[in-house]
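Enquirer: Data: my_file_22.cif, mmCIF, C-alpha atoms and all ligand atoms.
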```cif
data_model
loop_
_atom_site.group_PDB
_atom_site.id
_atom_site.type_symbol
_atom_site.label_atom_id
_atom_site.label_comp_id
_atom_site.auth_asym_id
_atom_site.auth_seq_id
_atom_site.Cartn_x
_atom_site.Cartn_y
_atom_site.Cartn_z
ATOM 1 C CA MET U 81 132.919 100.262 94.131
ATOM 2 C CA SER U 82 129.849 100.431 96.328
ATOM 3 C CA PHE U 83 126.412 100.412 94.759
ATOM 4 C CA THR U 84 124.341 102.737 96.899
ATOM 5 C CA LYS U 85 120.565 102.423 96.590
ATOM 6 C CA ASN U 86 119.850 105.899 97.918
ATOM 7 C CA ALA U 87 118.499 108.638 95.681
ATOM 8 C CA LEU U 88 117.733 112.335 95.900
ATOM 9 C CA ILE U 89 115.168 113.587 93.393
ATOM 10 C CA THR U 90 114.577 117.319 93.069
ATOM 11 C CA GLY U 91 111.070 118.556 92.289
ATOM 12 C CA SER U 92 109.624 115.202 93.322
ATOM 13 C CA THR U 93 106.423 116.341 95.008
ATOM 14 C CA SER U 94 104.622 116.532 91.639
ATOM 15 C CA GLY U 95 104.549 115.210 88.087
ATOM 16 C CA ILE U 96 107.574 113.455 86.569
ATOM 17 C CA GLY U 97 109.723 113.687 89.711
ATOM 18 C CA LEU U 98 107.063 112.039 91.866
ATOM 19 C CA GLY U 99 106.614 109.300 89.232
ATOM 20 C CA ILE U 100 110.368 108.626 89.228
ATOM 21 C CA ALA U 101 110.400 108.630 93.048
ATOM 22 C CA LYS U 102 107.667 105.977 93.193
ATOM 23 C CA GLU U 103 109.449 103.773 90.653
ATOM 24 C CA PHE U 104 112.686 104.010 92.657
ATOM 25 C CA ALA U 105 110.848 103.298 95.932
ATOM 26 C CA LYS U 106 109.185 100.268 94.320
ATOM 27 C CA ASN U 107 112.678 99.020 93.489
ATOM 28 C CA GLY U 108 113.942 99.368 97.058
ATOM 29 C CA TYR U 109 115.603 102.795 96.982
ATOM 30 C CA ASN U 110 115.619 104.994 100.061
ATOM 31 C CA LEU U 111 114.832 108.533 99.018
ATOM 32 C CA MET U 112 115.140 112.223 99.683
ATOM 33 C CA LEU U 113 112.177 113.980 98.066
ATOM 34 C CA ASN U 114 112.167 117.719 97.394
ATOM 35 C CA GLY U 115 109.769 120.321 96.106
ATOM 36 C CA LEU U 116 107.774 123.417 96.911
ATOM 37 C CA GLU U 117 104.383 121.736 97.387
ATOM 38 C CA PRO U 118 103.293 122.540 100.963
ATOM 39 C CA ASN U 119 102.292 118.892 101.602
ATOM 40 C CA GLY U 120 105.764 117.562 100.670
ATOM 41 C CA ALA U 121 106.306 115.838 104.015
ATOM 42 C CA GLU U 122 102.925 114.100 103.691
ATOM 43 C CA ILE U 123 103.770 112.919 100.177
ATOM 44 C CA ALA U 124 107.081 111.518 101.474
ATOM 45 C CA ALA U 125 105.261 109.675 104.276
ATOM 46 C CA GLN U 126 102.780 108.202 101.765
ATOM 47 C CA VAL U 127 105.578 106.939 99.483
ATOM 48 C CA ALA U 128 107.385 105.448 102.505
ATOM 49 C CA ALA U 129 104.223 103.667 103.690
ATOM 50 C CA GLU U 130 103.280 102.389 100.223
ATOM 51 C CA PHE U 131 106.694 100.923 99.365
ATOM 52 C CA GLY U 132 108.272 100.214 102.771
ATOM 53 C CA VAL U 133 111.415 102.314 102.222
ATOM 54 C CA LYS U 134 112.892 105.292 104.065
ATOM 55 C CA VAL U 135 111.731 108.574 102.527
ATOM 56 C CA LEU U 136 112.943 111.977 103.711
ATOM 57 C CA PHE U 137 111.660 115.327 102.522
ATOM 58 C CA SER U 138 113.411 118.658 102.043
ATOM 59 C CA GLY U 139 111.666 121.853 101.000
ATOM 60 C CA ALA U 140 114.994 123.325 99.808
ATOM 61 C CA ASN U 141 114.491 126.061 97.239
ATOM 62 C CA MET U 142 116.466 125.200 94.105
ATOM 63 C CA LEU U 143 117.301 128.900 93.716
ATOM 64 C CA LYS U 144 119.332 128.838 96.951
ATOM 65 C CA PRO U 145 122.699 127.025 96.858
ATOM 66 C CA GLU U 146 123.051 126.986 100.653
ATOM 67 C CA GLU U 147 119.655 125.229 101.013
ATOM 68 C CA ILE U 148 120.738 122.748 98.316
ATOM 69 C CA GLN U 149 123.992 122.003 100.175
ATOM 70 C CA GLN U 150 122.075 121.381 103.409
ATOM 71 C CA MET U 151 119.594 119.071 101.632
ATOM 72 C CA VAL U 152 122.406 116.998 100.097
ATOM 73 C CA LYS U 153 124.271 116.802 103.416
ATOM 74 C CA THR U 154 121.132 115.592 105.216
ATOM 75 C CA ALA U 155 120.515 112.960 102.529
ATOM 76 C CA GLN U 156 124.121 111.738 102.751
ATOM 77 C CA THR U 157 124.042 111.538 106.546
ATOM 78 C CA GLU U 158 120.549 110.157 107.103
ATOM 79 C CA LEU U 159 120.406 107.758 104.174
ATOM 80 C CA GLY U 160 124.007 106.565 104.660
ATOM 81 C CA GLY U 161 125.510 107.957 101.445
ATOM 82 C CA LEU U 162 123.952 109.244 98.260
ATOM 83 C CA GLY U 163 124.362 107.145 95.111
ATOM 84 C CA VAL U 164 121.840 108.731 92.776
ATOM 85 C CA VAL U 165 120.798 112.298 92.056
ATOM 86 C CA VAL U 166 117.914 113.071 89.719
ATOM 87 C CA ASN U 167 117.920 116.753 88.781
ATOM 88 C CA ASN U 168 114.288 117.170 87.816
ATOM 89 C CA ALA U 169 112.927 120.417 89.337
ATOM 90 C CA GLY U 170 111.808 122.746 86.586
ATOM 91 C CA VAL U 171 109.548 125.660 85.744
ATOM 92 C CA GLN U 172 108.281 127.166 82.508
ATOM 93 C CA PHE U 173 107.253 130.577 81.207
ATOM 94 C CA VAL U 174 106.266 131.427 77.651
ATOM 95 C CA SER U 175 106.567 134.883 76.076
ATOM 96 C CA PRO U 176 107.987 136.669 73.010
ATOM 97 C CA VAL U 177 111.578 137.682 73.717
ATOM 98 C CA GLU U 178 110.918 141.445 73.738
ATOM 99 C CA ASP U 179 108.377 141.057 76.538
ATOM 100 C CA PHE U 180 110.087 138.214 78.392
ATOM 101 C CA PRO U 181 110.271 139.418 82.030
ATOM 102 C CA ASP U 182 113.848 139.513 83.399
ATOM 103 C CA ASP U 183 112.748 137.889 86.657
ATOM 104 C CA LYS U 184 111.225 134.933 84.733
ATOM 105 C CA TRP U 185 114.486 134.529 82.783
ATOM 106 C CA ASN U 186 116.458 134.421 86.074
ATOM 107 C CA LEU U 187 113.941 132.035 87.647
ATOM 108 C CA ILE U 188 114.060 129.542 84.779
ATOM 109 C CA ILE U 189 117.861 129.618 84.435
ATOM 110 C CA GLY U 190 118.144 129.306 88.234
ATOM 111 C CA VAL U 191 115.780 126.367 88.741
ATOM 112 C CA ASN U 192 116.212 124.494 85.454
ATOM 113 C CA LEU U 193 119.972 124.932 84.903
ATOM 114 C CA SER U 194 121.889 126.318 87.897
ATOM 115 C CA SER U 195 120.275 123.964 90.440
ATOM 116 C CA THR U 196 121.484 121.013 88.340
ATOM 117 C CA PHE U 197 125.025 122.338 88.801
ATOM 118 C CA HIS U 198 124.625 123.089 92.521
ATOM 119 C CA VAL U 199 123.021 119.728 93.434
ATOM 120 C CA SER U 200 125.572 117.758 91.397
ATOM 121 C CA LYS U 201 128.452 119.747 92.876
ATOM 122 C CA ALA U 202 127.201 119.191 96.425
ATOM 123 C CA ALA U 203 126.832 115.420 95.873
ATOM 124 C CA TRP U 204 130.092 115.031 93.921
ATOM 125 C CA ASN U 205 132.724 114.404 96.621
ATOM 126 C CA GLY U 206 130.535 111.810 98.367
ATOM 127 C CA MET U 207 130.078 109.949 95.074
ATOM 128 C CA LYS U 208 133.798 110.190 94.353
ATOM 129 C CA ASP U 209 134.716 108.802 97.778
ATOM 130 C CA GLN U 210 132.298 105.876 97.500
ATOM 131 C CA LYS U 211 133.295 105.261 93.863
ATOM 132 C CA PHE U 212 129.678 105.164 92.779
ATOM 133 C CA GLY U 213 127.499 107.931 91.440
ATOM 134 C CA ARG U 214 124.635 108.244 89.004
ATOM 135 C CA ILE U 215 123.489 111.728 88.021
ATOM 136 C CA ILE U 216 120.346 111.859 85.899
ATOM 137 C CA ASN U 217 119.189 115.183 84.493
ATOM 138 C CA ILE U 218 115.651 115.671 83.257
ATOM 139 C CA THR U 219 116.127 117.992 80.323
ATOM 140 C CA SER U 220 113.561 118.182 77.496
ATOM 141 C CA ALA U 221 113.079 117.872 73.744
ATOM 142 C CA HIS U 222 113.708 121.602 74.192
ATOM 143 C CA GLY U 223 117.245 120.667 75.282
ATOM 144 C CA LEU U 224 117.759 119.481 71.695
ATOM 145 C CA ARG U 225 115.353 121.606 69.636
ATOM 146 C CA ALA U 226 113.920 125.119 69.932
ATOM 147 C CA SER U 227 110.411 126.528 69.886
ATOM 148 C CA ALA U 228 109.502 130.188 69.612
ATOM 149 C CA PHE U 229 108.571 132.066 72.793
ATOM 150 C CA LYS U 230 110.520 129.720 75.086
ATOM 151 C CA SER U 231 113.873 131.569 75.176
ATOM 152 C CA ALA U 232 114.730 130.928 78.821
ATOM 153 C CA TYR U 233 113.487 127.336 78.888
ATOM 154 C CA VAL U 234 115.279 126.338 75.676
ATOM 155 C CA ALA U 235 118.501 128.070 76.797
ATOM 156 C CA ALA U 236 118.368 126.384 80.226
ATOM 157 C CA LYS U 237 117.608 122.934 78.818
ATOM 158 C CA HIS U 238 120.348 123.177 76.158
ATOM 159 C CA GLY U 239 122.637 124.159 79.042
ATOM 160 C CA VAL U 240 121.663 120.995 80.922
ATOM 161 C CA THR U 241 122.472 118.889 77.846
ATOM 162 C CA GLY U 242 125.979 120.419 77.800
ATOM 163 C CA LEU U 243 126.511 120.128 81.562
ATOM 164 C CA THR U 244 125.548 116.442 81.325
ATOM 165 C CA LYS U 245 128.478 115.821 78.960
ATOM 166 C CA VAL U 246 130.975 117.698 81.147
ATOM 167 C CA LEU U 247 129.960 115.791 84.300
ATOM 168 C CA ALA U 248 130.210 112.527 82.342
ATOM 169 C CA LEU U 249 133.823 113.336 81.429
ATOM 170 C CA GLU U 250 134.807 114.453 84.923
ATOM 171 C CA GLY U 251 133.025 111.537 86.621
ATOM 172 C CA ALA U 252 134.445 108.784 84.420
ATOM 173 C CA PRO U 253 137.517 107.974 86.592
ATOM 174 C CA TYR U 254 135.330 107.582 89.693
ATOM 175 C CA ASN U 255 132.430 105.429 88.432
ATOM 176 C CA ILE U 256 130.202 108.498 88.382
ATOM 177 C CA THR U 257 127.992 108.587 85.286
ATOM 178 C CA CYS U 258 125.840 111.482 84.144
ATOM 179 C CA ASN U 259 123.024 111.145 81.622
ATOM 180 C CA ALA U 260 119.960 113.108 80.654
ATOM 181 C CA ILE U 261 116.428 112.224 79.596
ATOM 182 C CA ALA U 262 114.719 114.523 77.099
ATOM 183 C CA PRO U 263 110.943 114.072 77.301
ATOM 184 C CA GLY U 264 108.409 115.323 74.807
ATOM 185 C CA TYR U 265 105.099 116.479 76.291
ATOM 186 C CA VAL U 266 104.041 114.766 79.511
ATOM 187 C CA ARG U 267 100.649 115.553 81.009
ATOM 188 C CA THR U 268 101.697 117.032 84.376
ATOM 189 C CA PRO U 269 100.629 120.200 86.257
ATOM 190 C CA LEU U 270 103.380 122.099 84.368
ATOM 191 C CA VAL U 271 101.773 121.202 81.017
ATOM 192 C CA GLU U 272 98.177 121.629 82.208
ATOM 193 C CA GLY U 273 99.113 125.276 82.866
ATOM 194 C CA GLN U 274 100.533 125.651 79.355
ATOM 195 C CA ILE U 275 97.422 124.114 77.761
ATOM 196 C CA LYS U 276 95.243 126.721 79.488
ATOM 197 C CA ASP U 277 97.595 129.634 78.594
ATOM 198 C CA GLN U 278 97.899 128.555 74.950
ATOM 199 C CA ALA U 279 94.133 128.088 74.626
ATOM 200 C CA LYS U 280 93.710 131.720 75.695
ATOM 201 C CA ALA U 281 96.574 132.984 73.501
ATOM 202 C CA HIS U 282 95.386 131.170 70.359
ATOM 203 C CA ASN U 283 91.674 131.486 71.094
ATOM 204 C CA MET U 284 91.313 127.708 70.732
ATOM 205 C CA SER U 285 89.729 124.952 72.800
ATOM 206 C CA GLU U 286 92.083 122.950 75.023
ATOM 207 C CA GLU U 287 91.634 119.893 72.735
ATOM 208 C CA GLU U 288 92.668 121.979 69.703
ATOM 209 C CA VAL U 289 95.753 123.277 71.535
ATOM 210 C CA ILE U 290 96.839 119.718 72.367
ATOM 211 C CA GLU U 291 96.420 118.539 68.770
ATOM 212 C CA LYS U 292 97.428 121.612 66.749
ATOM 213 C CA VAL U 293 99.991 123.351 68.961
ATOM 214 C CA MET U 294 101.425 121.020 71.532
ATOM 215 C CA LEU U 295 101.820 117.630 69.914
ATOM 216 C CA VAL U 296 102.353 119.040 66.429
ATOM 217 C CA LYS U 297 106.118 118.347 66.525
ATOM 218 C CA GLN U 298 105.801 114.815 67.870
ATOM 219 C CA ALA U 299 105.413 112.083 65.234
ATOM 220 C CA ILE U 300 103.469 110.073 67.837
ATOM 221 C CA LYS U 301 100.518 112.233 68.835
ATOM 222 C CA ASP U 302 100.341 111.070 72.428
ATOM 223 C CA PHE U 303 101.653 112.468 75.684
ATOM 224 C CA VAL U 304 104.729 110.607 76.968
ATOM 225 C CA PRO U 305 103.801 108.390 79.953
ATOM 226 C CA ILE U 306 105.700 109.159 83.170
ATOM 227 C CA GLU U 307 106.271 105.381 83.539
ATOM 228 C CA THR U 308 108.514 105.372 80.440
ATOM 229 C CA LEU U 309 110.679 108.161 81.862
ATOM 230 C CA ALA U 310 110.851 106.453 85.259
ATOM 231 C CA ALA U 311 111.946 103.159 83.678
ATOM 232 C CA ALA U 312 114.726 104.953 81.769
ATOM 233 C CA ALA U 313 115.884 106.726 84.952
ATOM 234 C CA LEU U 314 115.963 103.411 86.822
ATOM 235 C CA LEU U 315 118.169 101.886 84.118
ATOM 236 C CA MET U 316 120.542 104.874 84.165
ATOM 237 C CA ALA U 317 120.780 104.559 87.961
ATOM 238 C CA SER U 318 121.649 100.874 87.896
ATOM 239 C CA GLU U 319 125.023 99.174 88.283
ATOM 240 C CA LYS U 320 124.679 97.685 84.797
ATOM 241 C CA ALA U 321 124.613 101.184 83.235
ATOM 242 C CA ALA U 322 128.257 101.810 84.271
ATOM 243 C CA THR U 323 129.419 102.521 80.707
ATOM 244 C CA MET U 324 126.362 104.533 79.695
ATOM 245 C CA THR U 325 127.399 108.131 80.204
ATOM 246 C CA GLY U 326 127.084 111.583 78.641
ATOM 247 C CA ILE U 327 123.974 110.733 76.646
ATOM 248 C CA THR U 328 120.759 112.673 76.330
ATOM 249 C CA LEU U 329 118.058 110.094 75.683
ATOM 250 C CA PRO U 330 115.107 111.541 73.784
ATOM 251 C CA ILE U 331 111.731 110.054 74.775
ATOM 252 C CA GLU U 332 109.609 112.417 72.772
ATOM 253 C CA GLY U 333 107.414 110.549 70.300
ATOM 254 C CA GLY U 334 109.911 111.053 67.457
ATOM 255 C CA TRP U 335 110.078 114.881 67.753
ATOM 256 C CA THR U 336 113.864 115.084 67.265
ATOM 257 C CA SER U 337 113.868 112.594 64.385
ATOM 258 C CA GLN U 338 112.603 115.437 62.232
HETATM 259 P P1 LIG U 401 105.617 119.856 87.740
HETATM 260 O O1 LIG U 401 105.227 121.293 87.733
HETATM 261 O O2 LIG U 401 104.574 118.808 87.863
HETATM 262 O O3 LIG U 401 106.712 119.596 88.887
HETATM 263 C C1 LIG U 401 107.800 120.463 89.072
HETATM 264 C C2 LIG U 401 108.430 120.182 90.417
HETATM 265 O O4 LIG U 401 109.521 121.100 90.592
HETATM 266 C C3 LIG U 401 107.481 120.405 91.597
HETATM 267 O O5 LIG U 401 107.704 119.430 92.594
HETATM 268 C C4 LIG U 401 107.889 121.783 92.116
HETATM 269 O O6 LIG U 401 107.617 121.989 93.498
HETATM 270 C C5 LIG U 401 109.380 121.716 91.860
HETATM 271 N N1 LIG U 401 109.999 123.041 91.864
HETATM 272 C C6 LIG U 401 109.732 124.111 91.058
HETATM 273 N N2 LIG U 401 110.470 125.170 91.441
HETATM 274 C C7 LIG U 401 111.226 124.755 92.481
HETATM 275 C C8 LIG U 401 112.188 125.390 93.305
HETATM 276 N N3 LIG U 401 112.525 126.697 93.149
HETATM 277 N N4 LIG U 401 112.758 124.682 94.309
HETATM 278 C C9 LIG U 401 112.407 123.382 94.512
HETATM 279 N N5 LIG U 401 111.523 122.730 93.752
HETATM 280 C C10 LIG U 401 110.931 123.407 92.757
HETATM 281 O O7 LIG U 401 106.475 119.663 86.406
HETATM 282 P P2 LIG U 401 106.868 118.383 85.528
HETATM 283 O O8 LIG U 401 106.132 118.483 84.261
HETATM 284 O O9 LIG U 401 106.788 117.127 86.323
HETATM 285 O O10 LIG U 401 108.378 118.742 85.199
HETATM 286 C C11 LIG U 401 109.487 118.083 85.781
HETATM 287 C C12 LIG U 401 110.703 118.295 84.907
HETATM 288 O O11 LIG U 401 110.489 117.703 83.636
HETATM 289 C C13 LIG U 401 111.042 119.774 84.644
HETATM 290 O O12 LIG U 401 112.443 119.940 84.656
HETATM 291 C C14 LIG U 401 110.491 120.001 83.247
HETATM 292 O O13 LIG U 401 111.147 121.032 82.588
HETATM 293 C C15 LIG U 401 110.774 118.648 82.617
HETATM 294 N N6 LIG U 401 109.957 118.375 81.434
HETATM 295 C C16 LIG U 401 108.595 118.330 81.521
HETATM 296 C C17 LIG U 401 107.877 118.061 80.373
HETATM 297 C C18 LIG U 401 106.370 117.987 80.389
HETATM 298 O O14 LIG U 401 105.782 117.906 79.300
HETATM 299 N N7 LIG U 401 105.719 117.975 81.528
HETATM 300 C C19 LIG U 401 108.524 117.848 79.147
HETATM 301 C C20 LIG U 401 109.904 117.908 79.104
HETATM 302 C C21 LIG U 401 110.615 118.160 80.267
#
```
Output the structure of this file as structure tokens.
Expert:
Amino acid sequence: MSFTKNALITGSTSGIGLGIAKEFAKNGYNLMLNGLEPNGAEIAAQVAAEFGVKVLFSGANMLKPEEIQQMVKTAQTELGGLGVVVNNAGVQFVSPVEDFPDDKWNLIIGVNLSSTFHVSKAAWNGMKDQKFGRIINITSAHGLRASAFKSAYVAAKHGVTGLTKVLALEGAPYNITCNAIAPGYVRTPLVEGQIKDQAKAHNMSEEEVIEKVMLVKQAIKDFVPIETLAAAALLMASEKAATMTGITLPIEGGWTSQ
């Protein structure tokens, strides 16, 4: 068994992924960052300088399996093996089902669900050979519960919850674990966009949307801090989490207790 402190985090040039990347860097992980932000390479250089670890960047599009394979190969070669994958990249679109654009459905299933499969598949044999692998999927409270108007997102995130269990079963003989984290609302660019859209749709102020629409299902009426998610990911990535596998850990202010 070789504990490999190298991690690839998809969608890590913004929001939750960037928060997880910084927590891993702080704890001595070398990283491959990924995302569509045009200043991705700069962000990687900043994280490297701040924490004194090696940080690579790939702009691989999570809709393109061949770009994913290349990203994983580069991480394996240049970091000296890949121990941890955090499948975090995600997008959102909200619409009643009858108007839901087909291209938005394909986009959300592609980025939020299929890329989790393609990245995990590409990293799998390396993890198997080194007898160490930690796959961490960022799903959502919407991987466990539904909300109206989020057909593609809820379908994709429920899919990730299921895929997490399958990878846990297949990885068990090789010291590969697979777990998911299901956040409630986290104040990131993805949610800022939703606050604005919902304010328009409901003809409410942004404060009213947060209180009456967004956090209505959470028992704790606060956004989930990125630090809490990053701490959970770090635990799942660790050697001591070897028998923690197949779980979806809700960190959602009590949403799914109802
Ligand atoms: P964000 O918009 O801040 O970041 C998303 C990241 O994904 C960015 O780096 C973006 O470049 C990347 N990305 C999007 N499409 C991509 C593509 N085709 N190829 C490569 N990268 C791509 O969003 P966030 O809020 O930090 O969300 C991160 C994850 O957490 C998502 O999977 C999201 O569904 C999940 N999540 C978020 C919340 C929340 O309240 N913010 C709640 C539950 C789950």
Enquirer: Hey, what comes out of the PyMOL selection byres (((not hetatm)) within 7 of (chain U and resi 401)) on this file? Could you write it as a ChimeraX atom specification?
Expert: /U:90-97,114-117,139-143,168-172,191-192,218-221,262-271
Enquirer: Could you save those same residues with C-alpha atoms as a compact mmCIF listing (two decimals), in the frame of the given file?
Expert:
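Listing of selection_20.txt after writing:
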```
# COMPACT_ATOMS: atom_id res chain seq x y z
CA THR U 90 114.58 117.32 93.07
CA GLY U 91 111.07 118.56 92.29
CA SER U 92 109.62 115.20 93.32
CA THR U 93 106.42 116.34 95.01
CA SER U 94 104.62 116.53 91.64
CA GLY U 95 104.55 115.21 88.09
CA ILE U 96 107.57 113.46 86.57
CA GLY U 97 109.72 113.69 89.71
CA ASN U 114 112.17 117.72 97.39
CA GLY U 115 109.77 120.32 96.11
CA LEU U 116 107.77 123.42 96.91
CA GLU U 117 104.38 121.74 97.39
CA GLY U 139 111.67 121.85 101.00
CA ALA U 140 114.99 123.32 99.81
CA ASN U 141 114.49 126.06 97.24
CA MET U 142 116.47 125.20 94.10
CA LEU U 143 117.30 128.90 93.72
CA ASN U 168 114.29 117.17 87.82
CA ALA U 169 112.93 120.42 89.34
CA GLY U 170 111.81 122.75 86.59
CA VAL U 171 109.55 125.66 85.74
CA GLN U 172 108.28 127.17 82.51
CA VAL U 191 115.78 126.37 88.74
CA ASN U 192 116.21 124.49 85.45
CA ILE U 218 115.65 115.67 83.26
CA THR U 219 116.13 117.99 80.32
CA SER U 220 113.56 118.18 77.50
CA ALA U 221 113.08 117.87 73.74
CA ALA U 262 114.72 114.52 77.10
CA PRO U 263 110.94 114.07 77.30
CA GLY U 264 108.41 115.32 74.81
CA TYR U 265 105.10 116.48 76.29
CA VAL U 266 104.04 114.77 79.51
CA ARG U 267 100.65 115.55 81.01
CA THR U 268 101.70 117.03 84.38
CA PRO U 269 100.63 120.20 86.26
CA LEU U 270 103.38 122.10 84.37
CA VAL U 271 101.77 121.20 81.02
```
Enquirer: Against stretch 274-281 of chain U, which residues of stretch 286-310 of chain U fall within 12 Å? For each one I want the closest pair of atoms and the distance in Å (one decimal), counting only C-alpha atoms, rows by chain and increasing residue number, as CSV.
Expert:
```
residue,atom,partner,partner_atom,distance
U:Glu286,CA,U:Ala279,CA,5.5
U:Glu287,CA,U:Ile275,CA,8.8
U:Glu288,CA,U:Ala279,CA,8.0
U:Val289,CA,U:Ala279,CA,5.9
U:Ile290,CA,U:Ile275,CA,7.0
U:Glu291,CA,U:Ile275,CA,10.6
U:Lys292,CA,U:Ala279,CA,10.7
U:Val293,CA,U:Gln278,CA,8.2
U:Met294,CA,U:Ile275,CA,8.0
U:Leu295,CA,U:Ile275,CA,11.1
```
Enquirer: Considering all atoms listed in the file, can you say which of U:Thr154, U:Ser227, U:Thr257, U:Thr336 comes closest to U:Ala202?
Expert: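 So, comparing all the options, the nearest one is U:Thr154.
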Enquirer: Just checking: using all atoms listed in the file, which residue out of U:Tyr254, U:Phe131, U:Trp185, U:Phe212 ends up closest to U:Asn86?
Expert: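 Using all atoms listed in the file, U:Asn86 sits closest to U:Phe212.
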Enquirer: Could you tell me, as a ChimeraX atom specification, exactly which residues end up selected when the PyMOL selection byres (((chain U and resi 325) around 9) and not hetatm) is applied to this structure?
Expert: /U:244-245,248-249,252,256-260,316,321-324,326-328
Enquirer: Can you write just those residues out, C-alpha atoms, as a PDB file, keeping the file's coordinate frame?
Expert:
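again_4.pdb, freshly written:
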```
ATOM      1  CA  THR U 244     125.548 116.442  81.325  1.00  0.00           C
ATOM      2  CA  LYS U 245     128.478 115.821  78.960  1.00  0.00           C
ATOM      3  CA  ALA U 248     130.210 112.527  82.342  1.00  0.00           C
ATOM      4  CA  LEU U 249     133.823 113.336  81.429  1.00  0.00           C
ATOM      5  CA  ALA U 252     134.445 108.784  84.420  1.00  0.00           C
ATOM      6  CA  ILE U 256     130.202 108.498  88.382  1.00  0.00           C
ATOM      7  CA  THR U 257     127.992 108.587  85.286  1.00  0.00           C
ATOM      8  CA  CYS U 258     125.840 111.482  84.144  1.00  0.00           C
ATOM      9  CA  ASN U 259     123.024 111.145  81.622  1.00  0.00           C
ATOM     10  CA  ALA U 260     119.960 113.108  80.654  1.00  0.00           C
ATOM     11  CA  MET U 316     120.542 104.874  84.165  1.00  0.00           C
ATOM     12  CA  ALA U 321     124.613 101.184  83.235  1.00  0.00           C
ATOM     13  CA  ALA U 322     128.257 101.810  84.271  1.00  0.00           C
ATOM     14  CA  THR U 323     129.419 102.521  80.707  1.00  0.00           C
ATOM     15  CA  MET U 324     126.362 104.533  79.695  1.00  0.00           C
ATOM     16  CA  GLY U 326     127.084 111.583  78.641  1.00  0.00           C
ATOM     17  CA  ILE U 327     123.974 110.733  76.646  1.00  0.00           C
ATOM     18  CA  THR U 328     120.759 112.673  76.330  1.00  0.00           C
TER      19      THR U 328
END
```
